[in-house]
Amino acid sequence: MRPEMLTALSALAVAGVTAVGGIVQVVIGRRQPRRPRGADRRDDFTAVTDKLGEHIARLEREAEQDRQQAEQDRARISAQDFALRYIAGWARSLVAYMRQQRLEPPPPPQPIPDEVRPYLHDITP
């Protein structure tokens, strides 16, 4: 056999192996799903986005609870402010009366309001 013939046969064998390898690659490639290049990053992004969504929802719930608590606190402080003003007015009137008459203090100048009553534990009208 001549050397040219041997070279041609080896080239034919390499071409055949390459063709069979290409066909096998196509068949195997169809069976296994191919993941795009950035699929892992997209999966991570989805997981992070979901966690952030849960965190934002929790923060919104906490903010709503804080708003409700702040409203209750404002109402309580307003009632306490009213109670302090009532007591201060009562004390002024008692001092003025005692200076004028030098007598025992009179009863309160008006009935104790219902808003004040919870904050006056030791005074019984």
# chains A, B, ... in the order shown; residues from 1 in each chain; ligands from 1
call {"tool": "residues_around", "arguments": {"residues": "segment 79-96 of chain A", "least_positions_apart": "3", "cutoff": "6 Å", "atoms": "only C-alpha atoms", "output": "PyMOL selection string"}}
result
chain A and resi 76+99+105+115-116
call {"tool": "select_by_dssp", "arguments": {"residues": "segment 68-117 of chain A", "states": "alpha helix (DSSP H)", "output": "PyMOL selection string"}}
result
chain A and resi 68-101
call {"tool": "atom_distance", "arguments": {"atom1": "atom CA of Asp114 of chain A", "atom2": "atom CA of Asp66 of chain A"}}
result
27.1 Å
call {"tool": "atom_distance", "arguments": {"atom1": "atom CA of Gln72 of chain A", "atom2": "atom CA of Gln110 of chain A"}}
result
27.4 Å
